[in-house]
file query.cif (mmCIF, C-alpha atoms)
data_model
loop_
_atom_site.label_atom_id
_atom_site.label_comp_id
_atom_site.auth_asym_id
_atom_site.auth_seq_id
_atom_site.Cartn_x
_atom_site.Cartn_y
_atom_site.Cartn_z
CA LEU A 1 -71.45 34.58 -36.22
CA LEU A 2 -68.65 37.09 -35.60
CA TRP A 3 -70.08 39.56 -38.10
CA ALA A 4 -73.54 39.17 -36.59
CA SER A 5 -72.12 39.84 -33.13
CA PHE A 6 -70.85 43.20 -34.39
CA GLY A 7 -74.05 44.05 -36.25
CA PHE A 8 -72.33 43.42 -39.62
CA ARG A 9 -70.39 46.63 -39.12
CA TYR A 10 -66.69 46.77 -39.99
CA SER A 11 -65.61 50.07 -38.44
CA ALA A 12 -64.90 50.11 -34.72
CA PHE A 13 -65.53 53.88 -34.55
CA ALA A 14 -67.86 56.47 -35.97
CA ALA A 15 -66.35 58.31 -38.92
CA ALA A 16 -65.69 61.57 -37.04
CA THR A 17 -63.91 59.95 -34.07
CA THR A 18 -60.50 61.51 -33.39
CA GLY A 19 -57.46 59.45 -32.47
CA LYS A 20 -58.82 56.21 -33.87
CA ASP A 21 -55.82 55.68 -36.18
CA ALA A 22 -53.41 55.61 -33.25
CA PHE A 23 -55.77 53.33 -31.36
CA LEU A 24 -55.99 50.78 -34.17
CA GLY A 25 -52.33 51.02 -35.17
CA GLN A 26 -51.55 48.11 -32.83
CA ILE A 27 -53.04 45.71 -35.37
CA ALA A 28 -50.29 46.42 -37.90
CA GLU A 29 -47.57 46.47 -35.23
CA GLN A 30 -47.83 42.79 -34.34
CA PRO A 31 -44.78 40.77 -35.47
CA GLY A 32 -44.48 37.58 -37.48
CA ALA A 33 -47.10 35.54 -39.25
CA THR A 34 -49.79 36.52 -36.75
CA GLY A 35 -49.19 40.20 -37.46
CA TRP A 36 -49.35 39.57 -41.22
CA LEU A 37 -52.67 37.73 -40.86
CA LEU A 38 -54.18 40.48 -38.73
CA SER A 39 -52.96 43.22 -41.08
CA THR A 40 -54.30 41.35 -44.12
CA ALA A 41 -57.68 40.84 -42.44
CA GLN A 42 -57.76 44.55 -41.62
CA ARG A 43 -56.79 45.64 -45.14
CA LEU A 44 -59.35 43.36 -46.82
CA HIS A 45 -62.05 43.89 -44.17
CA LEU A 46 -62.29 40.14 -43.55
CA LEU A 47 -63.39 40.56 -39.94
CA PRO A 48 -64.84 43.42 -37.87
CA GLU A 49 -62.24 46.01 -36.95
CA ALA A 50 -62.99 45.86 -33.23
CA TYR A 51 -62.52 42.08 -33.26
CA LEU A 52 -59.16 42.44 -35.02
CA TYR A 53 -58.05 45.01 -32.46
CA GLY A 54 -59.04 42.69 -29.62
CA SER A 55 -57.08 39.86 -31.25
CA ALA A 56 -54.02 42.08 -31.65
CA LEU A 57 -54.27 43.14 -28.02
CA THR A 58 -54.45 39.49 -26.94
CA VAL A 59 -51.36 38.62 -29.01
CA GLN A 60 -49.51 41.57 -27.52
CA PHE A 61 -50.28 40.61 -23.93
CA ALA A 62 -49.60 36.92 -24.54
CA SER A 63 -46.16 37.46 -26.06
CA GLN A 64 -44.66 38.65 -22.76
CA ARG A 65 -46.18 38.35 -19.31
CA ALA A 66 -44.57 38.17 -15.90
CA ALA A 67 -44.70 34.61 -14.57
CA PHE A 68 -43.55 32.71 -11.49
CA LEU A 69 -42.60 29.04 -11.17
CA ASN A 70 -40.75 27.40 -8.27
CA GLY A 71 -38.94 30.55 -7.24
CA GLU A 72 -37.99 31.54 -10.80
CA PHE A 73 -39.24 34.54 -12.77
CA SER A 74 -39.74 34.96 -16.50
CA THR A 75 -41.59 37.12 -19.00
CA THR A 76 -41.64 34.44 -21.73
CA GLY A 77 -42.49 31.39 -19.65
CA TRP A 78 -41.20 27.82 -19.54
CA TRP A 79 -42.08 24.88 -21.78
CA TRP A 80 -42.63 22.70 -18.70
CA TYR A 81 -44.91 25.17 -16.87
CA PHE A 82 -48.22 23.52 -17.81
CA PRO A 83 -47.03 19.89 -17.35
CA TYR A 84 -45.82 20.91 -13.90
CA ALA A 85 -49.06 22.76 -13.12
CA PHE A 86 -51.03 19.69 -14.17
CA ALA A 87 -48.87 17.46 -11.96
CA VAL A 88 -49.32 19.53 -8.77
CA LYS A 89 -52.88 20.85 -9.28
CA THR A 90 -54.51 17.53 -10.25
CA THR A 91 -55.31 15.10 -7.46
CA ILE A 92 -52.95 12.13 -7.28
CA PRO A 93 -55.85 9.62 -7.26
CA ALA A 94 -57.27 11.20 -10.42
CA MET A 95 -53.95 10.61 -12.17
CA ILE A 96 -53.93 7.02 -10.84
CA VAL A 97 -57.41 6.42 -12.27
CA GLY A 98 -56.14 7.75 -15.60
CA LEU A 99 -53.28 5.23 -15.55
CA LEU A 100 -55.71 2.46 -14.65
CA GLY A 101 -57.85 3.48 -17.64
CA LEU A 102 -54.76 3.26 -19.86
CA ALA A 103 -53.95 -0.18 -18.46
CA ALA A 104 -57.53 -1.30 -19.18
CA LEU A 105 -57.15 -0.12 -22.78
CA VAL A 106 -53.97 -2.16 -23.24
CA ARG A 107 -55.67 -5.18 -21.68
CA ARG A 108 -58.57 -4.91 -24.13
CA TRP A 109 -56.15 -4.62 -27.05
CA ARG A 110 -54.63 -7.94 -26.02
CA THR A 111 -58.06 -9.63 -25.85
CA LEU A 112 -58.25 -10.63 -29.48
CA GLU A 113 -61.05 -11.86 -31.67
CA PRO A 114 -60.27 -14.58 -34.23
CA GLY A 115 -58.42 -13.12 -37.19
CA GLN A 116 -57.33 -9.95 -35.34
CA THR A 117 -53.85 -8.90 -34.31
CA THR A 118 -52.91 -6.69 -31.38
CA THR A 119 -51.89 -3.95 -33.83
CA GLU A 120 -55.27 -4.04 -35.57
CA ARG A 121 -57.12 -3.92 -32.25
CA ALA A 122 -54.95 -1.00 -31.09
CA LYS A 123 -55.56 0.93 -34.32
CA ALA A 124 -59.31 0.46 -33.96
CA GLY A 125 -59.20 1.69 -30.36
CA LEU A 126 -57.10 4.74 -31.20
CA TYR A 127 -59.37 5.57 -34.13
CA ALA A 128 -62.40 5.52 -31.82
CA GLY A 129 -60.65 7.90 -29.44
CA THR A 130 -59.39 10.26 -32.13
CA PRO A 131 -61.63 13.27 -31.22
CA LEU A 132 -60.47 13.20 -27.61
CA LEU A 133 -56.82 12.52 -28.43
CA ALA A 134 -56.80 15.28 -31.07
CA LEU A 135 -58.15 17.82 -28.59
CA ILE A 136 -55.57 16.87 -25.94
CA GLY A 137 -52.69 16.67 -28.42
CA VAL A 138 -53.29 19.91 -30.31
CA TYR A 139 -54.16 21.92 -27.21
CA GLY A 140 -51.20 20.41 -25.36
CA ILE A 141 -48.75 21.43 -28.10
CA PHE A 142 -49.97 25.03 -27.98
CA ALA A 143 -49.74 25.02 -24.18
CA LEU A 144 -46.11 23.84 -24.29
CA THR A 145 -45.18 26.66 -26.68
CA SER A 146 -47.18 29.42 -24.99
CA ASN A 147 -45.45 32.39 -23.37
CA LEU A 148 -48.54 33.07 -21.25
CA ASN A 149 -47.74 31.08 -18.10
CA ILE A 150 -50.06 32.71 -15.59
CA GLY A 151 -52.45 29.99 -14.51
CA HIS A 152 -53.39 26.33 -14.44
CA ARG A 153 -56.87 27.41 -15.62
CA HIS A 154 -55.56 27.53 -19.20
CA LEU A 155 -55.41 23.73 -19.09
CA LEU A 156 -59.06 23.30 -18.09
CA PRO A 157 -60.34 22.62 -21.67
CA ILE A 158 -58.49 19.28 -21.79
CA TYR A 159 -59.82 17.98 -18.46
CA PRO A 160 -63.23 16.78 -19.76
CA ALA A 161 -61.49 14.75 -22.47
CA LEU A 162 -59.02 13.29 -19.97
CA ILE A 163 -61.85 12.38 -17.60
CA ILE A 164 -63.73 10.56 -20.37
CA LEU A 165 -60.59 8.58 -21.23
CA ALA A 166 -59.97 7.84 -17.54
CA GLY A 167 -63.49 6.38 -17.45
CA GLY A 168 -62.00 3.36 -19.16
CA ALA A 169 -60.90 2.29 -15.66
CA GLY A 170 -64.49 1.13 -15.21
CA PHE A 171 -63.38 -1.96 -17.15
CA TRP A 172 -61.79 -3.28 -13.95
CA LEU A 173 -65.02 -2.86 -11.97
CA GLN A 174 -67.22 -4.97 -14.24
CA PRO A 175 -66.72 -8.29 -12.33
CA LEU A 176 -67.69 -6.61 -9.06
CA PHE A 177 -71.11 -5.69 -10.46
CA GLY A 178 -71.82 -8.93 -12.31
CA ARG A 179 -71.19 -7.43 -15.74
CA ALA A 180 -68.04 -9.28 -16.70
CA GLN A 181 -67.26 -9.93 -20.30
CA SER A 182 -67.47 -13.50 -21.39
CA ALA A 183 -64.21 -15.42 -21.31
CA GLU A 184 -64.99 -16.23 -24.92
CA PRO A 185 -64.60 -13.35 -27.44
CA GLN A 186 -67.92 -11.79 -28.44
CA GLY A 187 -67.42 -12.60 -32.11
CA ALA A 188 -67.00 -16.27 -31.29
CA GLN A 189 -70.17 -16.17 -29.18
CA ARG A 190 -72.20 -14.76 -32.06
CA ARG A 191 -70.85 -17.38 -34.48
CA ARG A 192 -71.56 -20.19 -31.99
CA LYS A 193 -75.15 -18.95 -31.50
CA GLN A 194 -75.72 -18.77 -35.24
CA HIS A 195 -74.36 -22.30 -35.66
CA SER A 196 -76.64 -23.69 -32.95
CA GLY A 197 -79.69 -21.75 -34.11
CA GLY A 198 -79.78 -19.81 -30.87
CA ALA A 199 -80.74 -22.87 -28.79
CA ARG A 200 -79.36 -22.96 -25.27
CA SER A 201 -77.67 -26.08 -24.06
CA PRO A 202 -78.38 -27.52 -20.61
CA GLN A 203 -74.87 -26.55 -19.62
CA SER A 204 -75.36 -22.89 -20.63
CA ALA A 205 -78.74 -22.76 -18.87
CA ALA A 206 -77.12 -23.92 -15.66
CA ARG A 207 -74.61 -21.09 -15.68
CA SER A 208 -74.93 -17.83 -13.78
CA PRO A 209 -77.78 -15.36 -14.56
CA VAL A 210 -75.41 -13.20 -16.65
CA SER A 211 -74.59 -15.62 -19.43
CA GLY A 212 -70.91 -16.29 -19.75
CA SER A 213 -69.90 -14.25 -16.70
CA ARG A 214 -67.14 -15.43 -14.46
CA THR A 215 -67.16 -15.23 -10.70
CA PRO A 216 -64.91 -12.44 -9.46
CA GLY A 217 -61.73 -13.97 -8.17
CA ARG A 218 -58.66 -12.82 -6.35
CA GLY A 219 -56.61 -12.45 -9.50
CA PRO A 220 -54.94 -9.37 -11.00
CA ARG A 221 -58.25 -7.97 -12.23
CA SER A 222 -59.67 -8.03 -8.72
CA VAL A 223 -56.60 -6.16 -7.47
CA MET A 224 -57.05 -3.53 -10.20
CA ALA A 225 -60.73 -3.16 -9.29
CA THR A 226 -59.84 -2.57 -5.65
CA ALA A 227 -57.22 -0.01 -6.68
CA THR A 228 -59.77 1.81 -8.84
CA LEU A 229 -62.33 2.03 -6.03
CA ALA A 230 -59.68 3.16 -3.55
CA ALA A 231 -58.46 5.89 -5.91
CA LEU A 232 -62.01 7.15 -6.50
CA ALA A 233 -62.66 7.29 -2.74
CA TRP A 234 -59.37 9.11 -2.22
CA HIS A 235 -60.31 11.65 -4.91
CA VAL A 236 -63.67 12.32 -3.23
CA ALA A 237 -61.91 12.78 0.11
CA GLU A 238 -59.50 15.30 -1.43
CA SER A 239 -62.43 17.29 -2.82
CA ILE A 240 -64.29 17.34 0.49
CA THR A 241 -61.15 18.30 2.43
CA ILE A 242 -60.33 21.37 0.30
CA ARG A 243 -63.93 22.57 0.06
CA PRO A 244 -64.69 25.43 -0.57
CA ASP A 245 -61.15 26.65 -1.31
CA TYR A 246 -60.75 24.75 -4.58
CA LEU A 247 -58.54 27.36 -6.24
CA ALA A 248 -55.90 26.87 -3.56
CA TYR A 249 -55.75 23.09 -4.06
CA PHE A 250 -52.30 21.59 -4.51
CA ASN A 251 -51.66 17.89 -4.11
CA GLN A 252 -49.14 16.15 -1.86
CA LEU A 253 -46.39 16.33 -4.50
CA ALA A 254 -46.26 20.10 -3.88
CA GLY A 255 -46.69 19.82 -0.12
CA GLY A 256 -50.37 20.74 -0.14
CA PRO A 257 -52.02 24.19 -0.07
CA SER A 258 -49.79 25.52 2.73
CA GLU A 259 -46.72 25.21 0.48
CA ALA A 260 -48.47 26.28 -2.72
CA TYR A 261 -47.05 29.82 -2.90
CA LYS A 262 -43.56 28.35 -3.33
CA HIS A 263 -44.59 26.66 -6.58
CA LEU A 264 -47.20 28.71 -8.46
CA ALA A 265 -49.06 31.97 -8.00
CA ASP A 266 -51.50 34.20 -9.87
CA SER A 267 -54.70 32.40 -10.94
CA SER A 268 -53.28 28.99 -9.94
CA LEU A 269 -53.54 30.05 -6.31
CA ASP A 270 -54.33 33.69 -5.61
CA TRP A 271 -56.98 35.69 -7.44
CA GLY A 272 -57.66 38.12 -4.61
CA GLN A 273 -60.36 35.85 -3.19
CA ASP A 274 -59.31 36.00 0.48
CA LEU A 275 -60.42 39.46 1.62
CA PRO A 276 -63.38 38.07 3.64
CA ALA A 277 -61.07 35.54 5.30
CA LEU A 278 -58.49 38.26 5.97
CA LYS A 279 -61.15 40.40 7.65
CA GLN A 280 -62.15 37.50 9.89
CA TRP A 281 -58.53 36.83 10.82
CA LEU A 282 -57.84 40.48 11.65
CA GLU A 283 -60.96 40.58 13.85
CA ARG A 284 -60.02 37.35 15.58
CA GLU A 285 -56.52 38.66 16.34
CA GLY A 286 -57.89 41.97 17.63
CA LEU A 287 -56.02 43.95 14.97
CA GLN A 288 -58.99 46.09 13.96
CA GLN A 289 -59.51 47.59 17.41
CA PRO A 290 -58.41 51.18 18.20
CA GLY A 291 -54.81 51.27 19.36
CA ALA A 292 -54.06 47.77 18.06
CA GLY A 293 -51.18 48.99 15.88
CA ASN A 294 -50.71 49.48 12.18
CA VAL A 295 -51.90 46.99 9.59
CA TYR A 296 -50.36 47.23 6.10
CA LEU A 297 -51.94 45.55 3.08
CA SER A 298 -50.47 44.75 -0.33
CA TYR A 299 -53.38 43.16 -2.19
CA PHE A 300 -53.48 41.22 -5.45
CA GLY A 301 -57.00 41.58 -6.77
CA THR A 302 -59.67 43.94 -8.06
CA ALA A 303 -61.97 44.14 -5.02
CA ARG A 304 -61.87 47.02 -2.55
CA PRO A 305 -60.57 46.07 0.90
CA ASP A 306 -62.53 48.90 2.54
CA TYR A 307 -65.78 47.34 1.26
CA TYR A 308 -65.09 44.40 3.58
CA GLY A 309 -64.33 46.75 6.47
CA ILE A 310 -60.59 46.13 6.44
CA LYS A 311 -58.75 48.98 8.11
CA ALA A 312 -55.23 48.92 6.68
CA ILE A 313 -52.59 51.23 5.25
CA PRO A 314 -52.51 50.40 1.51
CA LEU A 315 -49.22 49.42 -0.08
CA ALA A 316 -48.59 48.95 -3.78
CA GLY A 317 -50.61 46.06 -5.21
CA PHE A 318 -51.99 44.65 -8.44
CA ILE A 319 -54.24 47.69 -8.95
CA ASP A 320 -52.71 50.66 -7.16
CA ARG A 321 -55.69 52.86 -6.25
CA ARG A 322 -53.66 55.20 -4.05
CA PRO A 323 -53.68 58.84 -5.22
CA PRO A 324 -50.28 60.32 -6.18
CA GLN A 325 -48.69 61.38 -2.92
CA PRO A 326 -45.55 60.75 -0.89
CA PRO A 327 -45.62 57.14 0.27
CA ASP A 328 -46.69 56.41 3.83
CA PRO A 329 -43.73 55.76 6.14
CA LEU A 330 -43.34 52.11 7.03
CA GLY A 331 -43.09 51.07 10.64
CA ALA A 332 -43.84 48.32 13.08
CA GLY A 333 -47.10 46.48 12.53
CA VAL A 334 -48.71 43.56 10.74
CA TYR A 335 -48.01 43.27 7.00
CA CYS A 336 -50.63 41.36 5.00
CA ILE A 337 -49.26 40.49 1.55
CA SER A 338 -51.08 38.51 -1.14
CA ALA A 339 -49.23 35.39 -2.27
CA THR A 340 -48.88 36.68 -5.82
CA VAL A 341 -47.40 39.98 -4.65
CA LEU A 342 -45.08 38.06 -2.33
CA ASP A 343 -43.89 36.09 -5.36
CA VAL A 344 -43.34 39.41 -7.16
CA ILE A 345 -45.68 38.96 -10.11
CA GLY A 346 -47.51 42.26 -9.69
CA PRO A 347 -46.26 45.72 -10.73
CA SER A 348 -43.16 45.20 -8.60
CA PHE A 349 -41.90 42.43 -10.92
CA TYR A 350 -38.32 43.39 -11.68
CA LYS A 351 -36.87 43.05 -15.17
CA ALA A 352 -33.42 43.83 -16.48
CA ASP A 353 -34.60 46.88 -18.45
CA ASP A 354 -35.93 48.41 -15.21
CA GLU A 355 -32.39 48.95 -13.98
CA SER A 356 -31.98 52.34 -15.70
CA ASN A 357 -35.27 53.54 -14.19
CA TYR A 358 -34.11 52.41 -10.79
CA GLN A 359 -30.79 54.24 -11.10
CA ALA A 360 -32.57 57.44 -12.19
CA ALA A 361 -34.97 57.17 -9.25
CA LEU A 362 -32.03 56.66 -6.91
CA LYS A 363 -30.38 59.87 -8.14
CA ASN A 364 -33.66 61.72 -7.64
CA LEU A 365 -33.89 60.35 -4.11
CA VAL A 366 -30.39 61.65 -3.29
CA ALA A 367 -31.15 65.07 -4.84
CA PHE A 368 -34.44 65.27 -2.91
CA ALA A 369 -32.75 64.42 0.38
CA ARG A 370 -29.92 66.92 -0.07
CA ALA A 371 -32.22 69.74 -1.19
CA SER A 372 -34.48 69.27 1.82
CA GLU A 373 -31.58 70.18 4.13
CA ASN A 374 -31.52 73.80 2.88
CA GLU A 375 -34.58 76.02 2.45
CA GLN A 376 -33.18 77.97 -0.52
CA THR A 377 -32.04 74.83 -2.34
CA TRP A 378 -35.40 73.22 -1.64
CA SER A 379 -37.36 76.18 -3.04
CA ALA A 380 -35.16 76.32 -6.12
CA LEU A 381 -35.69 72.59 -6.76
CA LEU A 382 -39.46 72.92 -6.52
CA ARG A 383 -39.46 75.91 -8.90
CA GLN A 384 -37.42 73.91 -11.37
CA THR A 385 -39.41 70.67 -11.30
CA GLY A 386 -42.73 71.49 -9.69
CA GLU A 387 -44.11 69.76 -6.60
CA GLN A 388 -46.21 67.26 -8.60
CA TYR A 389 -43.02 65.79 -10.09
CA TRP A 390 -41.99 64.51 -6.68
CA HIS A 391 -45.43 63.13 -5.95
#
call {"tool": "encode", "arguments": {"input": "query.cif", "output": "structure tokens"}}
result
Amino acid sequence: LLWASFGFRYSAFAAATTGKDAFLGQIAEQPGATGWLLSTAQRLHLLPEAYLYGSALTVQFASQRAAFLNGEFSTTGWWWYFPYAFAVKTTIPAMIVGLLGLAALVRRWRTLEPGQTTTERAKAGLYAGTPLLALIGVYGIFALTSNLNIGHRHLLPIYPALIILAGGAGFWLQPLFGRAQSAEPQGAQRRRKQHSGGARSPQSAARSPVSGSRTPGRGPRSVMATATLAALAWHVAESITIRPDYLAYFNQLAGGPSEAYKHLADSSLDWGQDLPALKQWLEREGLQQPGAGNVYLSYFGTARPDYYGIKAIPLAGFIDRRPPQPPDPLGAGVYCISATVLDVIGPSFYKADDESNYQAALKNLVAFARASENEQTWSALLRQTGEQYWH
């Protein structure tokens, strides 16, 4: 399928293309076992060259990426990032339903047929769930060891499997809908029917319409059924309440959406989706009227604020579209800053190896300021460096 997608062509470039060697050199530069596999595939032409380059680029970007978690910063991530993201981005009632499904599974394991042990019943149940458990387990292990901690969305592939497993909580609801399992194990029922030739006794005919069903009582199972229904209703209410801002959902453990930026950022919360809402807020506050004062915007996203009619002085953001020029002076006004930029995940993310660049820039700033005090010194500095250097 991969070869067909690339038209069964190995080379990523036409033969006469210049600079292609430097472009594709990143494949061989990848470290470790992954780099060896990519280099081997390139040398033996096992996969299309463009696909190998894309894979190498993905490995490169995934090895180090600025990340934010609970006020901390890292370029290699945390092992507990995704468990934490799951805990605060999943609704609490959904997690409760999952626990109720697990409790139902244990209850069924303890409902034995003649000749079966709890261990045998548990093994059979786990074997039936192997595809789902394998997906969750393998994907979960890779998530715990990943350096790419930029968004809860990377956990989304395991949610369908978790939801199917949580569906086991329906076991508690069976008595409420007249579909209870017989108090007698199914295997025993079949053997009893075979022994009696399938004839129904007067006693069995007098029982409820669903043969062998028991009337729902006020026992533990009824309590579990009520808890399941309450959790499902709570989950629906959470969904309706956050609509349509689903990306910004955080549960009560994190303090809700208003406290979200203190916990996670980037695609767990802020993907630049709020420009229309920002425009409405600015209009409502009268900040887009002539003479209303300056509005400054540091935006995390790929859209263009001016497309939405936002009149603001642009500050550095995720994609800095400002032309090279002296920065606009900052003054009084309203500063609109995306949550991700506020959490310093964008280009302003500060790393230890940036210190030397900062010190060099500081020296340039001092030299620029001193030279501007004297016309001759200023002219000499511009002849030496050129005006574009300072832009």
call {"tool": "atom_distance", "arguments": {"input": "query.cif", "atom1": "atom CA of Gly317 of chain A", "atom2": "atom CA of Asp343 of chain A"}}
result
12.0 Å
call {"tool": "residues_around", "arguments": {"input": "query.cif", "residues": "Asn70 of chain A", "least_positions_apart": "6", "cutoff": "8 Å", "atoms": "only C-alpha atoms", "output": "list in words"}}
result
Lys262, His263 and Leu264 of chain A
call {"tool": "atom_distance", "arguments": {"input": "query.cif", "atom1": "atom CA of Thr111 of chain A", "atom2": "atom CA of Ile92 of chain A"}}
result
29.1 Å
call {"tool": "closest_residue", "arguments": {"input": "query.cif", "among": "A:Asn149, A:Phe8, A:Phe82, A:Ser222", "to": "Pro175 of chain A", "atoms": "all atoms listed in the file"}}
result
A:Ser222
call {"tool": "residues_around", "arguments": {"input": "query.cif", "residues": "Val236 of chain A", "least_positions_apart": "5", "cutoff": "12 Å", "atoms": "all atoms listed in the file", "output": "PyMOL selection string"}}
result
chain A and resi 91-94+229-231+241-243
call {"tool": "write_last_selection", "arguments": {"input": "query.cif", "atoms": "C-alpha atoms", "output": "tab-separated table (two decimals), in the coordinates of the input"}}
result
chain	number	residue	atom	x	y	z
A	91	THR	CA	-55.31	15.10	-7.46
A	92	ILE	CA	-52.95	12.13	-7.28
A	93	PRO	CA	-55.85	9.62	-7.26
A	94	ALA	CA	-57.27	11.20	-10.42
A	229	LEU	CA	-62.33	2.03	-6.03
A	230	ALA	CA	-59.68	3.16	-3.55
A	231	ALA	CA	-58.46	5.89	-5.91
A	241	THR	CA	-61.15	18.30	2.43
A	242	ILE	CA	-60.33	21.37	0.30
A	243	ARG	CA	-63.93	22.57	0.06
call {"tool": "resolve_selection", "arguments": {"input": "query.cif", "expression": "the PyMOL selection byres ((chain A and resi 136) around 12)", "output": "VMD selection string"}}
result
chain A and resid 129 to 135 137 to 144 155 to 165
call {"tool": "closest_residue", "arguments": {"input": "query.cif", "among": "A:Asn294, A:Asn364, A:Thr90, A:Ser338", "to": "Asp274 of chain A", "atoms": "only C-alpha atoms"}}
result
A:Ser338
call {"tool": "resolve_selection", "arguments": {"input": "query.cif", "expression": "the PyMOL selection byres ((chain A and resi 310) around 9)", "output": "ChimeraX atom specification"}}
result
/A:275-276,278-279,282,288,305-309,311-312
call {"tool": "build_atoms", "arguments": {"input": "query.cif", "residues": "segment 364-378 of chain A", "atoms": "N, CA and C atoms", "output": "PDB file, keeping the file's coordinate frame"}}
result
ATOM      1  N   ASN A 364     -32.642  60.781  -8.080  1.00  0.00           N
ATOM      2  CA  ASN A 364     -33.660  61.720  -7.640  1.00  0.00           C
ATOM      3  C   ASN A 364     -33.822  61.696  -6.121  1.00  0.00           C
ATOM      4  N   LEU A 365     -33.749  60.494  -5.555  1.00  0.00           N
ATOM      5  CA  LEU A 365     -33.890  60.350  -4.110  1.00  0.00           C
ATOM      6  C   LEU A 365     -32.765  61.101  -3.381  1.00  0.00           C
ATOM      7  N   VAL A 366     -31.538  60.969  -3.888  1.00  0.00           N
ATOM      8  CA  VAL A 366     -30.390  61.650  -3.290  1.00  0.00           C
ATOM      9  C   VAL A 366     -30.554  63.176  -3.420  1.00  0.00           C
ATOM     10  N   ALA A 367     -30.969  63.626  -4.629  1.00  0.00           N
ATOM     11  CA  ALA A 367     -31.150  65.070  -4.840  1.00  0.00           C
ATOM     12  C   ALA A 367     -32.246  65.610  -3.935  1.00  0.00           C
ATOM     13  N   PHE A 368     -33.325  64.854  -3.764  1.00  0.00           N
ATOM     14  CA  PHE A 368     -34.440  65.270  -2.910  1.00  0.00           C
ATOM     15  C   PHE A 368     -33.972  65.401  -1.455  1.00  0.00           C
ATOM     16  N   ALA A 369     -33.204  64.422  -1.013  1.00  0.00           N
ATOM     17  CA  ALA A 369     -32.750  64.420   0.380  1.00  0.00           C
ATOM     18  C   ALA A 369     -31.795  65.586   0.651  1.00  0.00           C
ATOM     19  N   ARG A 370     -30.883  65.835  -0.266  1.00  0.00           N
ATOM     20  CA  ARG A 370     -29.920  66.920  -0.070  1.00  0.00           C
ATOM     21  C   ARG A 370     -30.596  68.288  -0.124  1.00  0.00           C
ATOM     22  N   ALA A 371     -31.540  68.446  -1.063  1.00  0.00           N
ATOM     23  CA  ALA A 371     -32.220  69.740  -1.190  1.00  0.00           C
ATOM     24  C   ALA A 371     -33.064  70.054   0.035  1.00  0.00           C
ATOM     25  N   SER A 372     -33.611  69.032   0.679  1.00  0.00           N
ATOM     26  CA  SER A 372     -34.480  69.270   1.820  1.00  0.00           C
ATOM     27  C   SER A 372     -33.720  69.763   3.047  1.00  0.00           C
ATOM     28  N   GLU A 373     -32.375  69.716   3.010  1.00  0.00           N
ATOM     29  CA  GLU A 373     -31.580  70.180   4.130  1.00  0.00           C
ATOM     30  C   GLU A 373     -31.414  71.701   4.137  1.00  0.00           C
ATOM     31  N   ASN A 374     -31.711  72.364   2.995  1.00  0.00           N
ATOM     32  CA  ASN A 374     -31.520  73.800   2.880  1.00  0.00           C
ATOM     33  C   ASN A 374     -32.766  74.428   2.257  1.00  0.00           C
ATOM     34  N   GLU A 375     -33.338  75.436   2.902  1.00  0.00           N
ATOM     35  CA  GLU A 375     -34.580  76.020   2.450  1.00  0.00           C
ATOM     36  C   GLU A 375     -34.467  76.626   1.060  1.00  0.00           C
ATOM     37  N   GLN A 376     -33.354  77.322   0.782  1.00  0.00           N
ATOM     38  CA  GLN A 376     -33.180  77.970  -0.520  1.00  0.00           C
ATOM     39  C   GLN A 376     -33.022  76.906  -1.623  1.00  0.00           C
ATOM     40  N   THR A 377     -32.225  75.904  -1.349  1.00  0.00           N
ATOM     41  CA  THR A 377     -32.040  74.830  -2.340  1.00  0.00           C
ATOM     42  C   THR A 377     -33.355  74.108  -2.600  1.00  0.00           C
ATOM     43  N   TRP A 378     -34.101  73.908  -1.528  1.00  0.00           N
ATOM     44  CA  TRP A 378     -35.400  73.220  -1.640  1.00  0.00           C
ATOM     45  C   TRP A 378     -36.370  74.036  -2.495  1.00  0.00           C
TER      46      TRP A 378
END
